[in-house]
$ cat start_30.cif   # mmCIF, C-alpha atoms
data_structure
loop_
_atom_site.group_PDB
_atom_site.id
_atom_site.type_symbol
_atom_site.label_atom_id
_atom_site.label_comp_id
_atom_site.auth_asym_id
_atom_site.auth_seq_id
_atom_site.Cartn_x
_atom_site.Cartn_y
_atom_site.Cartn_z
ATOM 1 C CA MET T 219 10.826 -14.146 -15.714
ATOM 2 C CA ALA T 220 9.988 -13.343 -12.111
ATOM 3 C CA ALA T 221 7.052 -10.999 -11.520
ATOM 4 C CA THR T 222 7.764 -7.514 -10.220
ATOM 5 C CA SER T 223 6.316 -6.218 -6.963
ATOM 6 C CA GLY T 224 4.116 -3.951 -9.143
ATOM 7 C CA GLU T 225 2.592 -6.944 -10.933
ATOM 8 C CA VAL T 226 2.037 -8.778 -7.658
ATOM 9 C CA PHE T 227 0.411 -5.754 -5.993
ATOM 10 C CA THR T 228 -1.765 -5.062 -9.028
ATOM 11 C CA ALA T 229 -2.873 -8.695 -9.120
ATOM 12 C CA LEU T 230 -3.805 -8.561 -5.454
ATOM 13 C CA ALA T 231 -5.452 -5.115 -5.540
ATOM 14 C CA ASP T 232 -8.636 -6.761 -6.835
ATOM 15 C CA PRO T 233 -10.765 -8.218 -3.995
ATOM 16 C CA THR T 234 -11.997 -11.153 -6.123
ATOM 17 C CA ARG T 235 -8.452 -12.150 -7.058
ATOM 18 C CA ARG T 236 -7.350 -11.718 -3.449
ATOM 19 C CA ALA T 237 -10.170 -14.023 -2.326
ATOM 20 C CA LEU T 238 -9.203 -16.627 -4.958
ATOM 21 C CA PHE T 239 -5.551 -16.535 -3.898
ATOM 22 C CA GLU T 240 -6.442 -16.760 -0.209
ATOM 23 C CA ARG T 241 -8.775 -19.675 -0.812
ATOM 24 C CA LEU T 242 -6.154 -21.595 -2.802
ATOM 25 C CA SER T 243 -3.588 -20.884 -0.067
ATOM 26 C CA ARG T 244 -6.002 -22.230 2.525
ATOM 27 C CA GLU T 245 -7.531 -25.217 0.740
ATOM 28 C CA GLY T 246 -4.821 -26.409 -1.635
ATOM 29 C CA GLU T 247 -5.402 -27.395 -5.262
ATOM 30 C CA LEU T 248 -8.885 -26.647 -6.695
ATOM 31 C CA THR T 249 -10.520 -26.680 -10.119
ATOM 32 C CA VAL T 250 -11.948 -23.614 -11.869
ATOM 33 C CA ARG T 251 -15.387 -25.178 -11.475
ATOM 34 C CA VAL T 252 -15.078 -25.500 -7.696
ATOM 35 C CA LEU T 253 -13.686 -21.971 -7.439
ATOM 36 C CA THR T 254 -16.528 -20.622 -9.598
ATOM 37 C CA ASP T 255 -19.322 -22.323 -7.629
ATOM 38 C CA SER T 256 -18.567 -20.351 -4.485
ATOM 39 C CA SER T 257 -17.177 -17.111 -5.907
ATOM 40 C CA GLY T 258 -20.341 -15.357 -7.124
ATOM 41 C CA VAL T 259 -18.802 -14.515 -10.525
ATOM 42 C CA SER T 260 -18.937 -16.324 -13.873
ATOM 43 C CA GLN T 261 -16.499 -19.052 -14.874
ATOM 44 C CA PRO T 262 -14.901 -16.942 -17.665
ATOM 45 C CA ALA T 263 -14.360 -14.169 -15.103
ATOM 46 C CA VAL T 264 -12.785 -16.592 -12.635
ATOM 47 C CA SER T 265 -10.545 -17.970 -15.398
ATOM 48 C CA LYS T 266 -9.484 -14.452 -16.328
ATOM 49 C CA HIS T 267 -8.654 -13.595 -12.703
ATOM 50 C CA LEU T 268 -6.685 -16.845 -12.378
ATOM 51 C CA GLY T 269 -4.769 -15.871 -15.517
ATOM 52 C CA VAL T 270 -3.725 -12.575 -13.923
ATOM 53 C CA LEU T 271 -2.667 -14.367 -10.722
ATOM 54 C CA ARG T 272 -0.728 -16.894 -12.774
ATOM 55 C CA HIS T 273 1.032 -14.168 -14.769
ATOM 56 C CA ALA T 274 2.031 -12.555 -11.474
ATOM 57 C CA GLY T 275 3.501 -15.870 -10.293
ATOM 58 C CA LEU T 276 0.938 -16.296 -7.511
ATOM 59 C CA VAL T 277 -0.784 -19.465 -8.748
ATOM 60 C CA SER T 278 0.162 -22.396 -10.952
ATOM 61 C CA ALA T 279 -2.074 -24.463 -13.221
ATOM 62 C CA ARG T 280 -2.064 -28.193 -13.896
ATOM 63 C CA HIS T 281 -4.183 -29.727 -16.645
ATOM 64 C CA LYS T 282 -5.814 -33.031 -15.820
ATOM 65 C CA GLY T 283 -8.370 -34.458 -18.226
ATOM 66 C CA ARG T 284 -10.774 -31.708 -19.202
ATOM 67 C CA GLU T 285 -10.193 -29.680 -16.102
ATOM 68 C CA THR T 286 -7.514 -27.262 -14.975
ATOM 69 C CA HIS T 287 -6.419 -27.477 -11.356
ATOM 70 C CA TYR T 288 -5.004 -24.380 -9.716
ATOM 71 C CA SER T 289 -2.829 -24.072 -6.634
ATOM 72 C CA ALA T 290 -1.271 -21.148 -4.779
ATOM 73 C CA CYS T 291 2.458 -20.379 -5.030
ATOM 74 C CA PRO T 292 3.348 -18.758 -1.704
ATOM 75 C CA ARG T 293 6.812 -17.956 -3.065
ATOM 76 C CA GLY T 294 5.081 -15.632 -5.522
ATOM 77 C CA LEU T 295 4.725 -13.218 -2.610
ATOM 78 C CA SER T 296 8.492 -12.778 -2.396
ATOM 79 C CA PRO T 297 8.548 -9.503 -4.435
ATOM 80 C CA LEU T 298 6.273 -8.091 -1.707
ATOM 81 C CA VAL T 299 8.708 -9.230 0.942
ATOM 82 C CA ASP T 300 11.526 -7.450 -0.926
ATOM 83 C CA TRP T 301 9.365 -4.321 -1.188
ATOM 84 C CA MET T 302 8.600 -4.472 2.537
ATOM 85 C CA THR T 303 12.233 -5.016 3.467
ATOM 86 C CA PHE T 304 13.262 -1.976 1.430
ATOM 87 C CA TYR T 305 10.538 0.353 2.732
ATOM 88 C CA SER T 306 10.826 -0.826 6.355
ATOM 89 C CA SER T 307 14.411 0.326 6.520
ATOM 90 C CA PHE T 308 13.673 3.436 4.410
ATOM 91 C CA TRP T 309 10.896 4.620 6.744
ATOM 92 C CA GLU T 310 12.772 3.663 9.947
ATOM 93 C CA ASP T 311 15.587 5.904 8.750
ATOM 94 C CA ARG T 312 13.192 8.756 7.815
ATOM 95 C CA PHE T 313 11.403 8.510 11.174
ATOM 96 C CA SER T 314 14.739 9.062 12.897
ATOM 97 C CA ARG T 315 15.417 12.081 10.700
ATOM 98 C CA LEU T 316 11.923 13.404 11.488
ATOM 99 C CA GLU T 317 12.651 13.078 15.222
ATOM 100 C CA ASP T 318 15.945 14.962 14.780
ATOM 101 C CA LEU T 319 14.115 17.724 12.904
ATOM 102 C CA LEU T 320 11.404 17.999 15.596
ATOM 103 C CA LYS T 321 14.111 18.497 18.239
ATOM 104 C CA ARG T 322 15.492 21.430 16.230
ATOM 105 C CA MET T 323 12.081 23.029 15.482
ATOM 106 C CA ASP T 324 10.428 25.726 17.595
ATOM 107 C CA GLN T 325 7.212 24.807 19.362
ATOM 108 C CA MET C 297 3.951 -15.422 4.900
ATOM 109 C CA ASN C 298 0.454 -14.159 4.040
ATOM 110 C CA LEU C 299 -1.351 -11.200 2.536
ATOM 111 C CA GLU C 300 -2.055 -9.466 5.818
ATOM 112 C CA THR C 301 1.610 -9.285 6.738
ATOM 113 C CA THR C 302 3.076 -8.561 3.325
ATOM 114 C CA ARG C 303 0.775 -5.898 1.964
ATOM 115 C CA SER C 304 2.056 -2.968 4.008
ATOM 116 C CA VAL C 305 4.824 -1.452 6.091
ATOM 117 C CA VAL C 306 3.640 0.032 9.392
ATOM 118 C CA ILE C 307 5.835 2.146 11.645
ATOM 119 C CA GLU C 308 4.650 3.619 14.938
ATOM 120 C CA ARG C 309 6.657 5.799 17.265
ATOM 121 C CA GLU C 310 5.611 7.935 20.196
ATOM 122 C CA MET C 311 7.233 11.365 19.981
ATOM 123 C CA PRO C 312 7.459 13.955 22.771
ATOM 124 C CA HIS C 313 5.921 16.737 20.656
ATOM 125 C CA PRO C 314 2.337 17.992 20.149
ATOM 126 C CA PRO C 315 0.400 16.846 17.034
ATOM 127 C CA GLU C 316 0.339 20.426 15.669
ATOM 128 C CA LYS C 317 4.120 20.562 15.516
ATOM 129 C CA ILE C 318 4.453 17.135 13.906
ATOM 130 C CA TRP C 319 1.748 18.127 11.410
ATOM 131 C CA ARG C 320 3.915 21.068 10.324
ATOM 132 C CA ALA C 321 6.865 18.731 9.729
ATOM 133 C CA LEU C 322 4.637 16.433 7.648
ATOM 134 C CA THR C 323 2.977 19.137 5.547
ATOM 135 C CA GLN C 324 5.337 22.118 5.027
ATOM 136 C CA GLY C 325 7.519 21.600 1.966
ATOM 137 C CA GLU C 326 10.665 23.139 3.443
ATOM 138 C CA LEU C 327 10.364 20.982 6.560
ATOM 139 C CA ILE C 328 9.487 17.803 4.615
ATOM 140 C CA LYS C 329 12.665 18.339 2.611
ATOM 141 C CA GLU C 330 14.754 18.227 5.783
ATOM 142 C CA TRP C 331 13.714 14.736 6.830
ATOM 143 C CA LEU C 332 12.129 13.082 3.787
ATOM 144 C CA MET C 333 12.896 14.426 0.305
ATOM 145 C CA GLU C 334 12.842 17.378 -2.071
ATOM 146 C CA ASN C 335 9.179 18.006 -2.913
ATOM 147 C CA ASP C 336 6.460 20.363 -4.134
ATOM 148 C CA PHE C 337 3.876 19.136 -1.640
ATOM 149 C CA ARG C 338 0.832 21.196 -0.639
ATOM 150 C CA PRO C 339 -1.769 19.932 1.857
ATOM 151 C CA ALA C 340 -4.723 20.059 -0.568
ATOM 152 C CA VAL C 341 -6.783 17.024 -1.574
ATOM 153 C CA GLY C 342 -6.189 16.223 -5.240
ATOM 154 C CA HIS C 343 -2.873 18.117 -5.425
ATOM 155 C CA LYS C 344 -0.331 16.263 -7.559
ATOM 156 C CA PHE C 345 3.283 16.492 -6.473
ATOM 157 C CA ASN C 346 6.668 14.799 -6.660
ATOM 158 C CA PHE C 347 9.272 13.648 -4.246
ATOM 159 C CA GLN C 348 12.702 13.826 -5.814
ATOM 160 C CA VAL C 349 15.821 11.962 -4.799
ATOM 161 C CA THR C 350 19.199 11.723 -6.489
ATOM 162 C CA PRO C 351 18.756 9.807 -9.760
ATOM 163 C CA VAL C 352 20.398 6.385 -9.984
ATOM 164 C CA PRO C 353 20.963 4.140 -13.034
ATOM 165 C CA ASN C 354 17.573 3.036 -14.440
ATOM 166 C CA TRP C 355 15.636 5.432 -12.215
ATOM 167 C CA ASP C 356 15.143 9.207 -12.474
ATOM 168 C CA GLY C 357 14.548 9.378 -8.718
ATOM 169 C CA VAL C 358 11.047 10.825 -9.093
ATOM 170 C CA ILE C 359 8.141 9.589 -6.986
ATOM 171 C CA ASP C 360 4.746 10.689 -8.360
ATOM 172 C CA CYS C 361 2.198 11.436 -5.680
ATOM 173 C CA GLN C 362 -1.291 12.811 -5.207
ATOM 174 C CA VAL C 363 -2.880 13.982 -1.970
ATOM 175 C CA LEU C 364 -5.845 11.792 -0.964
ATOM 176 C CA LEU C 365 -6.760 13.013 2.507
ATOM 177 C CA VAL C 366 -5.977 16.027 4.706
ATOM 178 C CA GLU C 367 -7.372 16.204 8.228
ATOM 179 C CA PRO C 368 -5.234 18.824 9.971
ATOM 180 C CA ASN C 369 -3.259 17.528 12.958
ATOM 181 C CA LYS C 370 -4.868 14.089 12.589
ATOM 182 C CA GLN C 371 -4.498 12.306 9.299
ATOM 183 C CA LEU C 372 -2.699 12.740 5.990
ATOM 184 C CA SER C 373 -2.580 10.425 3.017
ATOM 185 C CA TYR C 374 -1.048 10.439 -0.439
ATOM 186 C CA THR C 375 -0.396 8.024 -3.276
ATOM 187 C CA TRP C 376 3.240 7.022 -3.800
ATOM 188 C CA ASN C 377 4.060 5.852 -7.309
ATOM 189 C CA ALA C 378 7.638 4.842 -7.989
ATOM 190 C CA LEU C 379 9.126 2.512 -10.588
ATOM 191 C CA GLY C 380 5.701 1.555 -11.917
ATOM 192 C CA LEU C 381 4.357 0.562 -8.537
ATOM 193 C CA LYS C 382 1.397 2.469 -7.119
ATOM 194 C CA SER C 383 1.144 2.472 -3.349
ATOM 195 C CA VAL C 384 -0.427 4.625 -0.641
ATOM 196 C CA VAL C 385 1.010 6.295 2.454
ATOM 197 C CA VAL C 386 -1.228 7.164 5.432
ATOM 198 C CA TRP C 387 -0.038 9.203 8.408
ATOM 199 C CA THR C 388 -2.107 9.159 11.602
ATOM 200 C CA LEU C 389 -1.373 11.372 14.611
ATOM 201 C CA THR C 390 -2.925 10.450 17.965
ATOM 202 C CA PRO C 391 -2.336 12.663 21.028
ATOM 203 C CA THR C 392 -0.943 10.882 24.107
ATOM 204 C CA LYS C 393 -0.268 12.098 27.679
ATOM 205 C CA THR C 394 3.286 13.060 26.825
ATOM 206 C CA GLY C 395 3.158 13.802 23.110
ATOM 207 C CA THR C 396 1.912 12.095 19.977
ATOM 208 C CA LEU C 397 1.742 8.591 18.625
ATOM 209 C CA VAL C 398 2.908 8.853 15.016
ATOM 210 C CA ARG C 399 1.733 6.016 12.795
ATOM 211 C CA MET C 400 2.757 5.598 9.161
ATOM 212 C CA GLU C 401 1.263 2.896 6.981
ATOM 213 C CA HIS C 402 2.622 2.369 3.478
ATOM 214 C CA SER C 403 0.415 -0.113 1.595
ATOM 215 C CA GLY C 404 0.678 -1.813 -1.750
ATOM 216 C CA PHE C 405 -3.073 -2.395 -1.782
ATOM 217 C CA PRO C 406 -5.954 -1.823 0.643
ATOM 218 C CA ALA C 407 -7.198 -4.339 3.163
ATOM 219 C CA GLY C 408 -10.391 -6.293 2.423
ATOM 220 C CA LYS C 409 -13.808 -4.686 2.122
ATOM 221 C CA GLU C 410 -14.493 -5.463 5.779
ATOM 222 C CA ALA C 411 -11.848 -2.897 6.720
ATOM 223 C CA ALA C 412 -13.653 -0.177 4.741
ATOM 224 C CA TYR C 413 -16.916 -0.858 6.519
ATOM 225 C CA LYS C 414 -15.286 -0.926 9.946
ATOM 226 C CA GLY C 415 -14.200 2.679 9.451
ATOM 227 C CA ALA C 416 -17.045 4.426 11.210
ATOM 228 C CA ASN C 417 -16.487 8.046 10.252
ATOM 229 C CA TYR C 418 -17.165 9.634 6.906
ATOM 230 C CA GLY C 419 -13.606 10.829 6.381
ATOM 231 C CA TRP C 420 -12.280 7.321 6.433
ATOM 232 C CA GLN C 421 -15.034 6.041 4.120
ATOM 233 C CA LYS C 422 -14.249 8.875 1.752
ATOM 234 C CA PHE C 423 -10.569 8.040 1.908
ATOM 235 C CA ILE C 424 -11.218 4.392 1.043
ATOM 236 C CA GLY C 425 -13.380 5.615 -1.840
ATOM 237 C CA HIS C 426 -10.507 7.723 -3.192
ATOM 238 C CA LEU C 427 -8.164 4.814 -2.715
ATOM 239 C CA GLU C 428 -10.369 2.453 -4.671
ATOM 240 C CA GLN C 429 -10.660 4.966 -7.509
ATOM 241 C CA VAL C 430 -6.915 5.318 -7.612
ATOM 242 C CA LEU C 431 -6.379 1.571 -7.519
ATOM 243 C CA ALA C 432 -9.050 1.017 -10.156
ATOM 244 C CA ARG C 433 -6.992 3.121 -12.539
ATOM 245 C CA ILE C 434 -4.020 0.763 -12.160
ATOM 246 C CA GLY C 435 -5.822 -2.128 -13.798
#
$ encode --input "start_30.cif" --output "structure tokens"
Amino acid sequence: MAATSGEVFTALADPTRRALFERLSREGELTVRVLTDSSGVSQPAVSKHLGVLRHAGLVSARHKGRETHYSACPRGLSPLVDWMTFYSSFWEDRFSRLEDLLKRMDQ
Amino acid sequence: MNLETTRSVVIEREMPHPPEKIWRALTQGELIKEWLMENDFRPAVGHKFNFQVTPVPNWDGVIDCQVLLVEPNKQLSYTWNALGLKSVVVWTLTPTKTGTLVRMEHSGFPAGKEAAYKGANYGWQKFIGHLEQVLARIG
């Protein structure tokens, strides 16, 4: 099932998870060990954060030998694009209504 | 497609009206209703309120909000929680030679920590603090 925009935003509201996602987007596939070495948090914590990102559809995991390799799924950001598309047109419309109201208001 | 461009909607328009007048339209319930939605807004930090639109199937049309920041004629911010998604709206009014630059930012989550530290004045720091508390409650 595709993640909702709420799940994607919640996953990315945490700065550590955001940093993990950005790093995977930038550097391609990495192991939990490599991600842990430079993250400043413990390996179980990194694994837990990766689990949240995976549940939100933002990263995918591939098992190879004893290690799990993670990579970013840029398409996982699509619920955010839908959210933005909706609110861009919503607020554009409300801005126009605000301008109409201001014209009618007294100083 | 990246996080910087997909985390928020920003709209800016210059309007030929003074900030004080625009502030009234943003903060007086009866006026808000005319351009935005039915509401029980009050410009008081911590005040919980709703925006209400016509219900549609699977949605009661209620947006749960809480005021985060009120700096008269300058800046206004509130949370915006609809359909299980918590987000934040920030209005910023900047006077110009002929009126006011009205900026609205609607964010799904805050920018990185760097952004919080760049905000030089206390009000902004305080706002980020509120925001982080609110976002912490999501998880």
$ residues_around --input "start_30.cif" --residues "Thr222 of chain T" --least-positions-apart "3" --cutoff "12 Å" --atoms "all atoms listed in the file" --output "count of residues only"
21
$ atom_distance --input "start_30.cif" --atom1 "atom CA of Asp336 of chain C" --atom2 "atom CA of Ile318 of chain C"
18.4 Å
$ closest_atom_pairs --input "start_30.cif" --of "chain T" --to "chain C" --cutoff "10 Å" --atoms "all atoms listed in the file" --output "tab-separated table"
residue	atom	partner	partner_atom	distance
T:Thr222	CA	C:Leu381	CA	8.9
T:Ser223	CA	C:Leu381	CA	7.2
T:Gly224	CA	C:Leu381	CA	4.6
T:Glu225	CA	C:Leu381	CA	8.1
T:Val226	CA	C:Gly404	CA	9.2
T:Phe227	CA	C:Gly404	CA	5.8
T:Thr228	CA	C:Gly435	CA	6.9
T:Ala229	CA	C:Gly435	CA	8.6
T:Leu230	CA	C:Phe405	CA	7.2
T:Ala231	CA	C:Phe405	CA	5.2
T:Asp232	CA	C:Ala432	CA	8.5
T:Pro233	CA	C:Gly408	CA	6.7
T:Thr234	CA	C:Gly408	CA	10.0
T:Arg236	CA	C:Leu299	CA	8.5
T:Ala237	CA	C:Gly408	CA	9.1
T:Phe239	CA	C:Leu299	CA	9.4
T:Glu240	CA	C:Leu299	CA	8.0
T:Ser243	CA	C:Asn298	CA	8.9
T:Pro292	CA	C:Met297	CA	7.4
T:Arg293	CA	C:Met297	CA	8.8
T:Leu295	CA	C:Thr302	CA	7.7
T:Ser296	CA	C:Thr302	CA	8.9
T:Pro297	CA	C:Thr302	CA	9.5
T:Leu298	CA	C:Thr302	CA	6.0
T:Val299	CA	C:Thr302	CA	6.2
T:Asp300	CA	C:Thr302	CA	9.5
T:Trp301	CA	C:Thr302	CA	8.8
T:Met302	CA	C:Val305	CA	6.0
T:Thr303	CA	C:Val305	CA	8.6
T:Phe304	CA	C:Val305	CA	9.7
T:Tyr305	CA	C:Val305	CA	6.9
T:Ser306	CA	C:Val305	CA	6.0
T:Ser307	CA	C:Val305	CA	9.8
T:Phe308	CA	C:Leu332	CA	9.8
T:Trp309	CA	C:Ile307	CA	7.5
T:Glu310	CA	C:Ile307	CA	7.3
T:Asp311	CA	C:Trp331	CA	9.2
T:Arg312	CA	C:Leu332	CA	6.0
T:Phe313	CA	C:Trp331	CA	7.9
T:Ser314	CA	C:Trp331	CA	8.4
T:Arg315	CA	C:Trp331	CA	5.0
T:Leu316	CA	C:Trp331	CA	5.2
T:Glu317	CA	C:Met311	CA	7.4
T:Asp318	CA	C:Trp331	CA	8.3
T:Leu319	CA	C:Trp331	CA	6.8
T:Leu320	CA	C:Ile318	CA	7.2
T:Lys321	CA	C:His313	CA	8.7
T:Met323	CA	C:Lys317	CA	8.3
T:Asp324	CA	C:Lys317	CA	8.4
T:Gln325	CA	C:Lys317	CA	6.5
$ atom_distance --input "start_30.cif" --atom1 "atom CA of Pro351 of chain C" --atom2 "atom CA of Leu372 of chain C"
26.8 Å
$ atom_distance --input "start_30.cif" --atom1 "atom CA of Glu367 of chain C" --atom2 "atom CA of Glu326 of chain C"
19.9 Å
$ resolve_selection --input "start_30.cif" --expression "the PyMOL selection byres ((chain C and resi 358) around 6)" --output "list in words"
Phe347, Gln348, Asp356, Gly357 and Ile359 of chain C
$ closest_residue --input "start_30.cif" --among "T:Lys282, T:Ser260, T:Thr254, T:Ala221" --to "Leu238 of chain T" --atoms "all atoms listed in the file"
T:Thr254
$ resolve_selection --input "start_30.cif" --expression "the PyMOL selection byres ((chain C and resi 337) around 10)" --output "CSV table (one decimal) with C-alpha atoms, in the frame of the given file"
chain,number,residue,atom,x,y,z
C,322,LEU,CA,4.6,16.4,7.6
C,323,THR,CA,3.0,19.1,5.5
C,324,GLN,CA,5.3,22.1,5.0
C,325,GLY,CA,7.5,21.6,2.0
C,326,GLU,CA,10.7,23.1,3.4
C,328,ILE,CA,9.5,17.8,4.6
C,329,LYS,CA,12.7,18.3,2.6
C,334,GLU,CA,12.8,17.4,-2.1
C,335,ASN,CA,9.2,18.0,-2.9
C,336,ASP,CA,6.5,20.4,-4.1
C,338,ARG,CA,0.8,21.2,-0.6
C,339,PRO,CA,-1.8,19.9,1.9
C,340,ALA,CA,-4.7,20.1,-0.6
C,343,HIS,CA,-2.9,18.1,-5.4
C,344,LYS,CA,-0.3,16.3,-7.6
C,345,PHE,CA,3.3,16.5,-6.5
C,346,ASN,CA,6.7,14.8,-6.7
C,347,PHE,CA,9.3,13.6,-4.2
C,361,CYS,CA,2.2,11.4,-5.7
C,362,GLN,CA,-1.3,12.8,-5.2
C,363,VAL,CA,-2.9,14.0,-2.0
$ closest_residue --input "start_30.cif" --among "T:Arg244, T:Lys266, T:Arg235, T:Arg272" --to "Tyr288 of chain T" --atoms "all atoms listed in the file"
T:Arg272
$ closest_residue --input "start_30.cif" --among "T:Val264, T:Arg251, T:Arg322, T:Leu242" --to "Ser278 of chain T" --atoms "only C-alpha atoms"
T:Leu242
$ build_atoms --input "start_30.cif" --residues "segment 300-312 of chain T" --atoms "N, CA and C atoms" --output "PDB file, in the frame of the given file"
ATOM      1  N   ASP T 300      10.409  -8.341  -0.572  1.00  0.00           N
ATOM      2  CA  ASP T 300      11.526  -7.450  -0.926  1.00  0.00           C
ATOM      3  C   ASP T 300      11.108  -5.988  -0.781  1.00  0.00           C
ATOM      4  N   TRP T 301       9.909  -5.687  -1.273  1.00  0.00           N
ATOM      5  CA  TRP T 301       9.365  -4.321  -1.188  1.00  0.00           C
ATOM      6  C   TRP T 301       9.287  -3.881   0.276  1.00  0.00           C
ATOM      7  N   MET T 302       8.749  -4.788   1.111  1.00  0.00           N
ATOM      8  CA  MET T 302       8.600  -4.472   2.537  1.00  0.00           C
ATOM      9  C   MET T 302       9.939  -4.266   3.213  1.00  0.00           C
ATOM     10  N   THR T 303      10.901  -5.121   2.859  1.00  0.00           N
ATOM     11  CA  THR T 303      12.233  -5.016   3.467  1.00  0.00           C
ATOM     12  C   THR T 303      12.846  -3.660   3.134  1.00  0.00           C
ATOM     13  N   PHE T 304      12.716  -3.263   1.850  1.00  0.00           N
ATOM     14  CA  PHE T 304      13.262  -1.976   1.430  1.00  0.00           C
ATOM     15  C   PHE T 304      12.585  -0.818   2.174  1.00  0.00           C
ATOM     16  N   TYR T 305      11.242  -0.786   2.138  1.00  0.00           N
ATOM     17  CA  TYR T 305      10.538   0.353   2.732  1.00  0.00           C
ATOM     18  C   TYR T 305      10.574   0.349   4.272  1.00  0.00           C
ATOM     19  N   SER T 306      10.697  -0.811   4.892  1.00  0.00           N
ATOM     20  CA  SER T 306      10.826  -0.826   6.355  1.00  0.00           C
ATOM     21  C   SER T 306      12.077  -0.066   6.769  1.00  0.00           C
ATOM     22  N   SER T 307      13.184  -0.355   6.108  1.00  0.00           N
ATOM     23  CA  SER T 307      14.411   0.326   6.520  1.00  0.00           C
ATOM     24  C   SER T 307      14.392   1.782   6.061  1.00  0.00           C
ATOM     25  N   PHE T 308      13.801   2.051   4.891  1.00  0.00           N
ATOM     26  CA  PHE T 308      13.673   3.436   4.410  1.00  0.00           C
ATOM     27  C   PHE T 308      12.912   4.287   5.429  1.00  0.00           C
ATOM     28  N   TRP T 309      11.729   3.805   5.847  1.00  0.00           N
ATOM     29  CA  TRP T 309      10.896   4.620   6.744  1.00  0.00           C
ATOM     30  C   TRP T 309      11.469   4.686   8.157  1.00  0.00           C
ATOM     31  N   GLU T 310      12.117   3.609   8.622  1.00  0.00           N
ATOM     32  CA  GLU T 310      12.772   3.663   9.947  1.00  0.00           C
ATOM     33  C   GLU T 310      13.792   4.800   9.958  1.00  0.00           C
ATOM     34  N   ASP T 311      14.570   4.868   8.876  1.00  0.00           N
ATOM     35  CA  ASP T 311      15.587   5.904   8.750  1.00  0.00           C
ATOM     36  C   ASP T 311      14.936   7.295   8.709  1.00  0.00           C
ATOM     37  N   ARG T 312      13.849   7.445   7.931  1.00  0.00           N
ATOM     38  CA  ARG T 312      13.192   8.756   7.815  1.00  0.00           C
ATOM     39  C   ARG T 312      12.509   9.159   9.126  1.00  0.00           C
TER      40      ARG T 312
END
